[in-house]
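To start, the structure under review is shown below, and the notes come after it.
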Amino acid sequence: MLRKYMFIWKKSRHQFRTPFFSKSGRNFRGRLCVFHQGGLDKHNLITVDRFRFINAFGFVLRIIDDFFRTSFLGMVLYENGLLNFILLCEGVLKNGLVFSGALQFLKCPVGSTQRLGNIVLFEAISSIEKFPRSGAVLARSAGSFAKIVSRDTFKALLKLNSGWQIQMSTSCLAALGVSSNISFIFQNVRKAGINRSRGVRPRVRGVVKNPCDHPHGGGEGKGSPPVAQVSPWGWLCKGTPSKNKKKDRLMRRLFKRF
């Protein structure tokens, strides 16, 4: 069994990995558009199955910690021979059993997918689809989850971690349980070199810059920022709402569509 498992892993480890090239915050002209990015270590991007519409049980052969995702990834071998990487939920262990699909079961193991119409109310769910057959996009980071507050025949009302309550179709798929790696929030960076390896460059205060680089810059000696502190682009950044309420309403309407 061990030889068979090692053969599967060696055969598939290059199949799901693609090289990732960092842009370091620059656009197609090479001009800096996003600050504080660069110096990222070389990593391969692992392809993750966001759809999970297989209708089959599978065993978790391997659990890995991906660089680009806060949750753990699990390599699952299904009973039909298909091999995929999925986002794991808290409580799923190695050699554990998970189900991927839309079939209804009376009791499903943690980490399995079910339709929103078949999930018990107020149960923690993650990796939720926004529209049917579109792939999971909601509640995928470490420790995040959502709950079904109410439901009728065609719609389900979900409450997210952000406090939003959105309506979605009951045909959308979701994984049972909280996203894995809950202790990610307590991770200690320890030194600046770890952030540099993650692609985070140092940040410089505006008061120590030149006037051409920041509105707070210039002056003799240790200059203090003006009374109304602004961003590098001139808009107020303290005490003034920066939320676009019209855009927020449009986003809520988009989520309510099914």
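Each chain of the structure tokens is named A, B, ... in the order shown, its residues numbered from 1; ligands are numbered from 1 in display order.
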
Quiz item: Neighbours of Leu106 (chain A) within 12 Å (only C-alpha atoms; same-chain residues fewer than 6 positions away dropped), as an NGL selection string?
Solution: :A and (114 or 118-120)

Restricting the output to N, CA and C atoms, write the selected residues as a compact mmCIF listing (two decimals), in the first residue's frame.
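Result saved to again01.txt:
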# COMPACT_ATOMS: atom_id res chain seq x y z
N GLN A 114 -22.41 19.41 0.30
CA GLN A 114 -23.84 19.18 0.19
C GLN A 114 -24.49 20.43 -0.39
N ASN A 118 -29.98 20.97 1.59
CA ASN A 118 -29.92 19.74 2.38
C ASN A 118 -29.14 19.89 3.68
N ILE A 119 -28.66 21.09 3.97
CA ILE A 119 -27.84 21.32 5.17
C ILE A 119 -28.73 21.84 6.29
N VAL A 120 -28.45 21.40 7.50
CA VAL A 120 -29.22 21.82 8.67
C VAL A 120 -28.99 23.31 8.93

Tell me which protein, DNA and RNA residues are within 7 Å of region 238-246 of chain A, counting only C-alpha atoms, leaving out same-chain ones fewer than 3 positions away, and put them as a compact mmCIF listing (two decimals) with C-alpha atoms, in the first residue's frame.
# COMPACT_ATOMS: atom_id res chain seq x y z
CA GLN A 229 -4.08 63.56 7.27
CA ARG A 249 -25.85 48.21 -2.56
CA LEU A 250 -25.05 47.00 -6.06

Quiz item: How many Å lie between CA of His43 (chain A) and CA of Gly81 (chain A), rounded to one decimal?
Solution: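 According to the coordinates, CA of His43 (chain A) and CA of Gly81 (chain A) are separated by 27.9 Å.
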
Practice problem: Tell me which protein, DNA and RNA residues are within 8 Å of Phe122 (chain A), counting only C-alpha atoms, leaving out same-chain ones fewer than 3 positions away, and put them as a ChimeraX atom specification. | Solution: /A:147-149

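The two atoms in question, CA of Ile64 (chain A) and CA of Lys94 (chain A), are spaced 10.4 Å apart.
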
Exercise. Do a neighbour search on Phe53 (chain A) at 8 Å with only C-alpha atoms, toss out local chain neighbours closer than 2 positions, and write the hits as a list in words.
Key: Phe51, Asn55, Ser100, Gly101 and Ala102 of chain A

Take the residues from that selection and put them in a file with C-alpha atoms, as an mmCIF file, in the first residue's frame.
data_model
loop_
_atom_site.group_PDB
_atom_site.id
_atom_site.type_symbol
_atom_site.label_atom_id
_atom_site.label_comp_id
_atom_site.auth_asym_id
_atom_site.auth_seq_id
_atom_site.Cartn_x
_atom_site.Cartn_y
_atom_site.Cartn_z
ATOM 1 C CA PHE A 51 -16.235 22.601 -8.005
ATOM 2 C CA ASN A 55 -20.593 12.405 -6.560
ATOM 3 C CA SER A 100 -17.668 15.461 -3.087
ATOM 4 C CA GLY A 101 -20.954 15.964 -4.892
ATOM 5 C CA ALA A 102 -24.571 16.990 -4.554
#
